[in-house]
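Just target-v7.cif here, mmCIF, C-alpha atoms and all ligand atoms:
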data_structure
#
loop_
_atom_site.label_atom_id
_atom_site.label_comp_id
_atom_site.auth_asym_id
_atom_site.auth_seq_id
_atom_site.Cartn_x
_atom_site.Cartn_y
_atom_site.Cartn_z
CA PHE A 1 46.87 73.90 56.95
CA LYS A 2 50.47 72.82 56.88
CA ILE A 3 51.61 71.35 60.20
CA ALA A 4 55.30 70.51 60.63
CA PHE A 5 56.38 67.93 63.18
CA ILE A 6 59.92 68.23 64.51
CA ALA A 7 61.02 65.05 66.24
CA GLY A 8 63.87 62.59 66.18
CA THR A 9 64.02 60.30 69.20
CA ARG A 10 62.24 57.00 69.73
CA PRO A 11 59.65 58.27 72.24
CA GLU A 12 58.87 61.37 70.17
CA ILE A 13 58.23 59.31 67.06
CA ILE A 14 55.99 56.87 68.94
CA LYS A 15 54.02 59.74 70.50
CA THR A 16 53.77 62.02 67.46
CA ALA A 17 52.95 59.24 64.99
CA PRO A 18 49.25 58.97 65.97
CA VAL A 19 48.83 62.75 65.59
CA TYR A 20 50.66 62.74 62.25
CA LEU A 21 48.46 59.88 61.01
CA ALA A 22 45.28 61.58 62.23
CA LEU A 23 46.24 64.80 60.41
CA ALA A 24 47.21 62.89 57.27
CA HIS A 25 43.68 61.46 57.17
CA HIS A 26 42.06 64.87 57.57
CA GLN A 27 41.27 66.87 54.45
CA ASP A 28 42.15 70.23 56.02
CA PHE A 29 45.70 69.29 56.97
CA GLU A 30 48.99 68.63 55.31
CA PRO A 31 51.44 67.17 57.84
CA VAL A 32 55.18 67.48 57.19
CA PHE A 33 57.63 65.34 59.17
CA ILE A 34 61.08 66.75 59.95
CA ASN A 35 63.25 64.05 61.47
CA THR A 36 66.18 65.51 63.40
CA GLY A 37 67.67 62.03 63.61
CA GLN A 38 68.56 62.49 67.31
CA HIS A 39 68.19 58.70 67.58
CA GLN A 40 69.54 58.11 64.11
CA GLU A 41 68.92 54.43 63.36
CA MET A 42 66.05 53.98 65.79
CA SER A 43 64.20 56.96 64.29
CA HIS A 44 63.96 55.26 60.90
CA MET A 45 62.95 51.93 62.37
CA PHE A 46 60.12 53.59 64.29
CA LEU A 47 58.97 55.88 61.49
CA SER A 48 58.69 52.99 59.05
CA LEU A 49 56.71 50.98 61.59
CA PHE A 50 54.08 53.73 61.48
CA ASN A 51 54.43 54.03 57.68
CA ILE A 52 55.73 57.58 57.96
CA ILE A 53 58.23 58.74 55.36
CA PRO A 54 59.99 61.81 56.73
CA ASP A 55 59.93 64.83 54.41
CA TYR A 56 63.26 66.00 55.81
CA ASP A 57 66.10 64.12 57.52
CA LEU A 58 68.53 66.40 59.31
CA ASN A 59 70.98 63.63 60.15
CA ILE A 60 72.86 65.73 62.67
CA MET A 61 74.19 63.03 65.00
CA LYS A 62 77.96 62.78 65.43
CA HIS A 63 79.64 60.29 67.70
CA GLY A 64 80.09 61.62 71.25
CA GLN A 65 78.84 65.14 70.54
CA SER A 66 77.93 67.39 73.47
CA LEU A 67 74.48 68.79 74.14
CA SER A 68 75.63 72.25 73.03
CA PHE A 69 76.94 70.90 69.76
CA LEU A 70 73.75 68.90 69.19
CA THR A 71 71.61 71.97 69.96
CA ALA A 72 73.63 74.19 67.63
CA SER A 73 73.51 71.63 64.78
CA ILE A 74 69.74 71.12 64.99
CA LEU A 75 69.07 74.87 65.15
CA GLN A 76 71.30 75.58 62.19
CA GLU A 77 69.70 72.88 60.04
CA LEU A 78 66.15 73.74 61.05
CA GLU A 79 66.42 77.36 60.00
CA THR A 80 66.59 76.66 56.27
CA VAL A 81 64.17 73.72 56.43
CA LEU A 82 61.49 75.80 58.17
CA GLN A 83 61.98 78.64 55.73
CA SER A 84 61.31 76.31 52.83
CA VAL A 85 58.39 74.45 54.49
CA ASN A 86 56.76 77.62 55.81
CA PRO A 87 54.20 75.78 58.00
CA ASN A 88 51.16 77.29 59.71
CA TRP A 89 52.09 75.52 62.93
CA ILE A 90 54.92 73.45 64.38
CA LEU A 91 54.24 70.53 66.68
CA VAL A 92 56.85 69.24 69.08
CA GLN A 93 56.48 66.53 71.69
CA GLY A 94 57.85 66.11 75.19
CA ASP A 95 61.20 67.21 76.44
CA THR A 96 64.08 66.27 74.18
CA THR A 97 66.75 68.49 72.68
CA SER A 98 64.93 68.05 69.35
CA ALA A 99 61.70 69.37 70.90
CA PHE A 100 63.48 72.32 72.51
CA CYS A 101 65.32 73.21 69.29
CA GLY A 102 62.14 72.75 67.25
CA ALA A 103 60.25 75.18 69.47
CA LEU A 104 63.10 77.70 69.55
CA SER A 105 63.58 77.59 65.81
CA ALA A 106 59.84 78.07 65.27
CA PHE A 107 59.81 80.90 67.78
CA TYR A 108 62.65 82.68 65.95
CA GLN A 109 60.60 82.48 62.76
CA LYS A 110 57.37 83.49 64.53
CA ILE A 111 55.66 80.21 63.73
CA PRO A 112 53.24 79.13 66.48
CA VAL A 113 54.20 76.02 68.41
CA GLY A 114 51.90 73.35 69.79
CA HIS A 115 53.38 71.25 72.57
CA ILE A 116 52.25 67.63 72.82
CA GLU A 117 52.64 66.17 76.34
CA ALA A 118 52.82 69.62 77.88
CA GLY A 119 53.01 70.37 81.59
CA LEU A 120 54.97 67.42 82.97
CA ARG A 121 57.19 68.57 85.82
CA THR A 122 59.27 67.04 88.59
CA GLY A 123 59.89 70.47 90.12
CA ASP A 124 63.67 69.97 90.05
CA ILE A 125 65.35 71.62 87.04
CA TYR A 126 68.18 69.10 87.15
CA SER A 127 65.97 66.00 87.23
CA PRO A 128 65.61 64.65 84.69
CA PHE A 129 68.52 66.47 83.08
CA PRO A 130 68.22 68.13 80.62
CA GLU A 131 64.57 67.17 80.01
CA GLU A 132 62.94 69.15 82.85
CA MET A 133 64.47 72.40 81.58
CA ASN A 134 63.61 71.48 77.98
CA ARG A 135 59.94 71.09 78.95
CA ILE A 136 59.84 74.36 80.84
CA LEU A 137 61.42 76.24 77.93
CA VAL A 138 59.20 74.58 75.32
CA GLY A 139 56.25 75.55 77.52
CA ARG A 140 57.33 79.21 77.52
CA MET A 141 57.58 79.21 73.73
CA SER A 142 54.35 77.37 72.95
CA ALA A 143 51.15 78.95 71.73
CA PHE A 144 49.09 75.88 72.60
CA HIS A 145 49.60 73.18 75.22
CA PHE A 146 48.26 69.64 74.85
CA ALA A 147 48.39 68.43 78.44
CA PRO A 148 48.06 64.68 78.94
CA THR A 149 46.40 64.92 82.39
CA HIS A 150 44.69 67.43 84.69
CA LYS A 151 47.78 67.44 86.90
CA ALA A 152 49.87 68.50 83.91
CA LYS A 153 47.35 71.26 83.19
CA ASP A 154 47.59 72.44 86.83
CA ASN A 155 51.39 72.66 86.49
CA LEU A 156 50.96 74.93 83.46
CA LEU A 157 48.36 77.09 85.20
CA LYS A 158 50.77 77.53 88.13
CA GLU A 159 53.35 78.84 85.65
CA GLY A 160 50.89 81.44 84.40
CA ILE A 161 49.79 79.82 81.14
CA PRO A 162 46.24 81.07 80.41
CA PRO A 163 43.62 78.29 80.68
CA HIS A 164 42.28 78.87 77.15
CA LYS A 165 45.68 77.86 75.76
CA ILE A 166 45.63 74.44 77.42
CA VAL A 167 43.61 71.41 76.45
CA VAL A 168 43.69 68.12 78.36
CA THR A 169 43.98 65.44 75.70
CA GLY A 170 45.37 62.33 77.38
CA ASN A 171 48.73 60.99 76.29
CA THR A 172 49.12 60.05 72.63
CA VAL A 173 51.24 57.06 73.68
CA VAL A 174 48.01 55.20 74.46
CA ASP A 175 46.83 55.90 70.89
CA ALA A 176 50.15 54.51 69.64
CA LEU A 177 49.78 51.46 71.85
CA HIS A 178 46.29 50.72 70.49
CA TRP A 179 47.42 51.34 66.91
CA ILE A 180 50.37 49.02 67.19
CA GLN A 181 48.27 46.29 68.79
CA SER A 182 45.83 46.53 65.86
CA GLN A 183 48.67 46.14 63.30
CA ASP A 184 50.36 43.30 65.08
CA LYS A 185 48.49 40.42 63.47
CA CYS A 186 49.55 41.37 59.94
CA LEU A 187 53.27 40.98 60.56
CA THR A 188 55.63 38.02 60.42
CA PRO A 189 56.62 37.04 63.95
CA SER A 190 60.16 38.02 64.94
CA GLU A 191 62.53 35.78 66.89
CA ILE A 192 61.39 37.12 70.27
CA ASN A 193 57.76 36.81 69.22
CA ARG A 194 58.27 33.19 68.22
CA PHE A 195 59.88 32.57 71.59
CA LEU A 196 56.85 34.08 73.34
CA LEU A 197 54.46 32.00 71.25
CA SER A 198 56.27 28.73 71.88
CA ASN A 199 56.68 29.41 75.62
CA PRO A 200 53.28 30.69 76.67
CA ASP A 201 53.88 30.04 80.38
CA GLN A 202 57.34 31.54 80.61
CA ARG A 203 57.52 34.11 83.40
CA LEU A 204 59.10 37.39 82.26
CA VAL A 205 60.35 40.69 83.62
CA LEU A 206 61.14 43.52 81.20
CA ILE A 207 63.86 46.07 81.93
CA THR A 208 64.97 49.31 80.25
CA ALA A 209 67.47 51.93 81.43
CA HIS A 210 68.82 54.94 79.64
CA ARG A 211 68.54 58.17 81.60
CA ARG A 212 71.51 60.50 81.71
CA GLU A 213 70.92 61.03 85.45
CA ASN A 214 71.59 57.28 85.92
CA TRP A 215 74.74 57.10 83.81
CA GLU A 216 77.11 57.49 86.75
CA GLY A 217 76.38 54.67 89.15
CA GLY A 218 72.64 54.26 88.58
CA ILE A 219 72.85 52.00 85.53
CA ALA A 220 75.43 49.75 87.24
CA ASN A 221 73.21 49.56 90.33
CA ILE A 222 70.18 48.61 88.24
CA ALA A 223 72.20 45.91 86.47
CA GLU A 224 73.48 44.55 89.81
CA ALA A 225 69.92 44.46 91.15
CA ILE A 226 68.81 42.51 88.05
CA SER A 227 71.72 40.12 88.50
CA ARG A 228 70.68 39.42 92.10
CA LEU A 229 67.00 39.08 91.14
CA ALA A 230 68.00 36.63 88.39
CA ASN A 231 69.72 34.49 91.06
CA ARG A 232 66.71 34.71 93.34
CA PHE A 233 64.20 33.85 90.59
CA PRO A 234 65.96 31.36 88.25
CA GLU A 235 62.61 30.38 86.69
CA ILE A 236 62.04 33.92 85.40
CA ILE A 237 63.63 35.34 82.23
CA PHE A 238 64.72 38.95 82.60
CA VAL A 239 64.51 40.62 79.18
CA PHE A 240 66.72 43.71 79.16
CA SER A 241 66.20 46.04 76.18
CA VAL A 242 69.64 47.62 76.11
CA HIS A 243 69.86 51.22 74.92
CA PRO A 244 72.44 51.64 72.11
CA ASN A 245 74.30 54.49 73.83
CA PRO A 246 77.73 52.95 74.65
CA VAL A 247 77.80 54.63 78.08
CA VAL A 248 74.70 52.65 78.99
CA ARG A 249 75.36 49.51 76.98
CA ASP A 250 78.91 48.82 78.19
CA GLN A 251 77.93 48.98 81.85
CA ILE A 252 75.00 46.61 81.38
CA TYR A 253 76.97 44.07 79.36
CA ALA A 254 79.86 44.13 81.85
CA ILE A 255 77.54 43.05 84.66
CA LEU A 256 74.91 40.88 82.99
CA SER A 257 76.34 39.20 79.90
CA ASN A 258 77.06 35.88 81.67
CA LYS A 259 73.69 35.36 83.32
CA THR A 260 71.75 32.53 81.76
CA ASN A 261 68.28 33.85 82.61
CA VAL A 262 69.02 37.44 81.59
CA PHE A 263 68.33 38.09 77.94
CA LEU A 264 70.20 41.20 76.76
CA HIS A 265 68.57 42.50 73.60
CA ASP A 266 69.18 45.41 71.24
CA PRO A 267 66.27 47.86 71.23
CA LEU A 268 63.14 46.02 70.24
CA ASP A 269 60.82 47.43 67.65
CA TYR A 270 57.62 48.83 69.12
CA ILE A 271 55.50 45.79 68.26
CA ASP A 272 57.89 43.38 69.95
CA PHE A 273 58.44 45.67 72.90
CA ILE A 274 54.71 45.93 73.58
CA LYS A 275 54.35 42.16 73.10
CA VAL A 276 57.02 41.46 75.71
CA LEU A 277 55.65 44.14 78.04
CA SER A 278 52.13 42.70 77.85
CA ARG A 279 53.48 39.26 78.68
CA SER A 280 55.68 40.45 81.57
CA GLU A 281 54.74 40.28 85.23
CA LEU A 282 56.74 43.39 85.97
CA ALA A 283 58.68 46.17 84.26
CA ILE A 284 61.73 47.83 85.80
CA SER A 285 62.43 51.05 83.97
CA ASP A 286 63.56 54.66 84.07
CA SER A 287 61.57 55.38 80.91
CA GLY A 288 58.72 57.86 80.76
CA GLY A 289 56.85 56.02 78.02
CA VAL A 290 57.00 52.69 79.83
CA GLN A 291 55.44 54.31 82.93
CA GLU A 292 52.52 55.33 80.71
CA GLU A 293 52.12 52.13 78.69
CA ALA A 294 52.50 49.60 81.50
CA PRO A 295 49.39 50.70 83.47
CA SER A 296 47.31 50.59 80.27
CA LEU A 297 48.28 46.91 80.10
CA GLY A 298 47.94 46.22 83.83
CA ILE A 299 51.69 45.66 84.30
CA PRO A 300 53.31 47.15 87.44
CA VAL A 301 56.47 49.23 86.95
CA ILE A 302 59.35 49.81 89.32
CA ILE A 303 60.59 53.29 88.42
CA THR A 304 64.35 53.47 88.80
CA ARG A 305 64.38 57.19 89.48
CA THR A 306 64.11 59.35 92.58
CA ALA A 307 61.28 61.48 91.15
CA THR A 308 58.66 61.13 88.48
CA GLU A 309 56.85 63.74 86.41
CA ARG A 310 54.04 61.21 86.10
CA PRO A 311 52.88 61.12 89.76
CA GLU A 312 49.43 59.94 88.62
CA ILE A 313 50.82 56.39 88.59
CA LEU A 314 51.95 56.37 92.23
CA GLY A 315 49.51 54.83 94.69
CA THR A 316 47.60 52.98 91.97
CA GLY A 317 49.39 49.68 92.64
CA LEU A 318 50.97 49.97 89.20
CA GLY A 319 53.92 52.30 89.82
CA TYR A 320 56.64 52.24 92.52
CA LEU A 321 59.43 54.77 92.86
CA ALA A 322 62.62 52.93 93.87
CA GLY A 323 65.52 55.11 92.74
CA THR A 324 68.52 53.05 91.76
CA ASP A 325 69.11 51.61 95.20
CA GLN A 326 69.67 47.86 94.78
CA GLU A 327 67.95 46.87 98.01
CA ALA A 328 64.86 48.95 97.20
CA ILE A 329 64.57 47.50 93.68
CA ILE A 330 65.04 43.95 94.93
CA GLN A 331 62.57 44.34 97.80
CA ILE A 332 59.76 45.79 95.67
CA ALA A 333 60.42 43.35 92.80
CA THR A 334 60.39 40.38 95.19
CA GLU A 335 57.06 41.49 96.66
CA LEU A 336 55.50 41.93 93.23
CA LEU A 337 56.92 38.69 91.81
CA THR A 338 55.65 36.62 94.72
CA GLN A 339 52.10 38.02 94.49
CA LYS A 340 50.01 35.80 92.30
CA LYS A 341 47.16 38.17 91.52
CA LYS A 342 47.28 39.85 88.10
CA LYS A 343 46.72 43.62 88.30
CA GLU A 344 43.91 45.34 86.45
CA ALA A 345 44.70 47.61 83.51
CA LYS A 346 44.04 51.30 84.22
CA ASN A 347 43.65 54.20 81.80
CA ILE A 348 45.72 56.55 83.90
CA PHE A 349 47.30 58.44 81.02
CA GLY A 350 44.85 58.23 78.16
CA ASP A 351 41.98 56.46 76.46
CA GLY A 352 43.40 56.17 72.93
CA PHE A 353 41.65 59.27 71.53
CA SER A 354 44.25 61.92 72.40
CA SER A 355 45.31 62.58 68.81
CA GLN A 356 41.69 63.21 67.80
CA ARG A 357 41.42 65.81 70.56
CA ILE A 358 44.64 67.45 69.36
CA VAL A 359 43.37 67.57 65.77
CA GLN A 360 40.09 69.15 66.92
CA ALA A 361 41.90 71.74 69.05
CA LEU A 362 44.23 72.60 66.15
CA LEU A 363 41.33 72.91 63.75
CA PHE A 364 39.48 75.16 66.16
CA SER A 365 42.48 77.37 66.79
CA LEU A 366 43.55 77.56 63.15
CA SER A 367 40.12 78.30 61.77
CA ARG A 368 39.74 81.13 64.27
CA SER A 369 43.08 82.71 63.52
CA LYS A 370 43.79 81.39 60.01
CA THR A 371 47.58 81.63 60.33
CA LYS A 372 48.55 83.06 63.70
CA PRO A 373 47.40 82.07 67.19
CA ASP A 374 45.63 84.64 69.32
CA ASP A 375 47.65 85.72 72.33
N1 LIG B 401 60.53 51.16 73.47
C1 LIG B 401 60.58 50.34 72.34
N2 LIG B 401 61.57 49.40 72.28
C2 LIG B 401 62.48 49.22 73.27
C3 LIG B 401 62.41 50.06 74.41
C4 LIG B 401 61.41 51.02 74.48
O1 LIG B 401 59.76 50.45 71.43
O2 LIG B 401 63.32 48.35 73.14
C5 LIG B 401 59.49 52.20 73.51
C6 LIG B 401 58.60 52.15 74.72
O3 LIG B 401 57.47 51.35 74.47
C7 LIG B 401 58.23 53.61 74.94
C8 LIG B 401 59.41 54.37 74.38
O4 LIG B 401 60.16 53.45 73.61
O5 LIG B 401 57.08 53.99 74.20
C9 LIG B 401 60.22 54.91 75.51
O6 LIG B 401 61.41 55.43 75.03
P1 LIG B 401 62.55 55.87 76.03
O7 LIG B 401 62.50 55.03 77.25
O8 LIG B 401 63.81 55.88 75.23
O9 LIG B 401 62.23 57.40 76.35
P2 LIG B 401 61.33 58.13 77.44
O10 LIG B 401 59.94 57.58 77.34
O11 LIG B 401 61.93 57.92 78.77
O12 LIG B 401 61.37 59.55 77.03
#
Would you mind writing the structure in this file as structure tokens?
Ligand code: UDP
Amino acid sequence: FKIAFIAGTRPEIIKTAPVYLALAHHQDFEPVFINTGQHQEMSHMFLSLFNIIPDYDLNIMKHGQSLSFLTASILQELETVLQSVNPNWILVQGDTTSAFCGALSAFYQKIPVGHIEAGLRTGDIYSPFPEEMNRILVGRMSAFHFAPTHKAKDNLLKEGIPPHKIVVTGNTVVDALHWIQSQDKCLTPSEINRFLLSNPDQRLVLITAHRRENWEGGIANIAEAISRLANRFPEIIFVFSVHPNPVVRDQIYAILSNKTNVFLHDPLDYIDFIKVLSRSELAISDSGGVQEEAPSLGIPVIITRTATERPEILGTGLGYLAGTDQEAIIQIATELLTQKKKKEAKNIFGDGFSSQRIVQALLFSLSRSKTKPDD
């Protein structure tokens, strides 16, 4: 069976890679990777980390293009690619414009879509924007839904998706996390890795910020909060993985570039990122993936958003919703950084076998229908 993946951003590549690799090792499948290039340079860095050579590179990114333009470009390119690949199924992941366009393009060509990380909802169509709407629309177009948790499955059931079209698999990010940790020892240590090795007792906090909903005011607030925390905790190094988008990057550099204990870094590759995260006492992030990875490593996360589609983390002692209010971030961070007790790792989002469950579900569905899903 030919299964085409359509993905192009950093989180999609991290979360589809374990499924792609599992299918590549299975005799009944031929996976095809179509990289939309929505995160142009990062997509290649992450694909090569997982030893995936994309079969197609759409390369659609243009500087400063709008969402409509991006959507139109991906759809246009995908049409001919899908006609020539002619897959049995398409797999998309999550909630990006690439995922939405992948599902829509497949739908137009009557190719069944499987949605990895299905059923996440905040309940507010504008938060996160445009991701919440992307997920809802991908959900409407999908023939099969790989829900990471039972809560995600419940969200789909509430929207009328029949139960036999949903399988709870766990989140493939935990598979990716385990895979990357197993590869780690074979690689030459990078600069940041050498720093970690030669400073084993250095206290660290890891920060990421990128969400569109935080572009106006939120990012600056987060950076100000980090600046004040860096003054309050001079013995801690605050490692900020700065997203390459200039809207995000310029605001962060303007506020934090002169702080001696704030380390502003270009996006880290996945191995280094997970290394730093595992060594950190705390993560401060608006990222979805970080909310899933941190609990698997026992690292608490302050979520710099007003809502989360991953409510499973709240109340576990590993996830705190702070919005982008400086006082709230500083208060929660101060409490966590003055507690000495290390938190226990929790498998809230997956056990590392999600891709195997997806492969089994695909095999089951495909061998029953041969080419088309039942509906
Ligand atoms: N990540 C990474 N390097 C970085 C920052 C993040 O490898 O410098 C990984 C992180 O481990 C997570 C994913 O990127 O798996 C999250 O991507 P992002 O925050 O861009 O998207 P989201 O998860 O919010 O959709």
Neighbours of ligand LIG 401 (chain B) within 7 Å, counting all atoms listed in the file, as a compact mmCIF listing (two decimals) with C-alpha atoms, in the coordinates of the input?
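Contents of the output file result_2.txt:
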# COMPACT_ATOMS: atom_id res chain seq x y z
CA ARG A 10 62.24 57.00 69.73
CA PRO A 11 59.65 58.27 72.24
CA ILE A 14 55.99 56.87 68.94
CA VAL A 173 51.24 57.06 73.68
CA THR A 208 64.97 49.31 80.25
CA HIS A 210 68.82 54.94 79.64
CA SER A 241 66.20 46.04 76.18
CA ASP A 266 69.18 45.41 71.24
CA PRO A 267 66.27 47.86 71.23
CA LEU A 268 63.14 46.02 70.24
CA ASP A 269 60.82 47.43 67.65
CA TYR A 270 57.62 48.83 69.12
CA PHE A 273 58.44 45.67 72.90
CA ILE A 274 54.71 45.93 73.58
CA ASP A 286 63.56 54.66 84.07
CA SER A 287 61.57 55.38 80.91
CA GLY A 288 58.72 57.86 80.76
CA GLY A 289 56.85 56.02 78.02
CA VAL A 290 57.00 52.69 79.83
CA GLU A 293 52.12 52.13 78.69
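Point (45.7, 78.2, 74.3) has the following residues at most 7 Å away: Ala143, Phe144, His145, Pro162, Pro163, His164, Lys165 and Ile166 of chain A (atoms considered: only C-alpha atoms).
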What box, with edges along x, y and z, holds each listed atom of range 43-54 of chain A when 4 Å is added on every side, and can you state its centre and edge lengths in Å to one decimal, as AutoDock Vina command-line options?
--center_x 59.1 --center_y 56.4 --center_z 59.8 --size_x 18.1 --size_y 18.8 --size_z 16.9
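You will find CA of Gly119 in chain A at 27.0 Å from CA of Ile52 in chain A.
Across the model, the gap from CA of Val92 in chain A to CA of Ala72 in chain A is 17.6 Å.
If you measure from each of A:Arg121, A:Lys151, A:Lys343, A:Arg140 to Phe100 in chain A using all atoms listed in the file, the closest one turns out to be A:Arg140.
Relative to CA of Leu47 in chain A, CA of Ala4 in chain A is found at 15.1 Å.
For the residues A:Leu337, A:Leu297, A:Leu264, A:Met61, ranking by smallest atom-to-atom distance to Arg203 in chain A using only C-alpha atoms places A:Leu337 first.
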Excluding range 27-37 of chain A and residues on its chain fewer than 3 positions from it, collect all residues at most 8 Å away from it, counting only C-alpha atoms, and give them as a ChimeraX atom specification. /A:1-9,20,23-24,40-41,43,53-61,74,98
One residue among A:Ile271, A:Ala99, A:Ile136, A:Val247 is nearest to His63 in chain A when using all atoms listed in the file, and that residue is A:Val247
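The list of residues within 10 Å of (63.4, 72.9, 76.8), counted using only C-alpha atoms, is Gly94, Asp95, Thr96, Thr97, Ser98, Ala99, Phe100, Cys101, Gly102, Ala103, Leu104, Pro130, Glu131, Glu132, Met133, Asn134, Arg135, Ile136, Leu137, Val138, Gly139, Arg140 and Met141 of chain A.
With distances restricted to only C-alpha atoms, A:Phe50 is the closest residue to Ser182 in chain A from A:Phe50, A:Gly317, A:Ala307, A:His25.
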From A:Arg310, A:Lys346, A:Arg305, A:Lys341, residue lying nearest Asn221 in chain A [all atoms listed in the file]: A:Arg305
Would you mind listing what lies within 12 Å of Glu235 in chain A as a PyMOL selection string, with all atoms listed in the file counted and same-chain residues fewer than 6 positions away left out? chain A and resi 201-205+229+260-262+337
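Residue nearest Ser190 in chain A within the list A:Ile348, A:Ala333, A:Val276, A:Ile219: A:Val276 [criterion: smallest interatomic distance, only C-alpha atoms].
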What's around Phe129 in chain A at 9 Å? Count all atoms listed in the file, leave out sequence neighbours fewer than 6 positions away in its own chain, and write the answer as a ChimeraX atom specification. /A:211-213
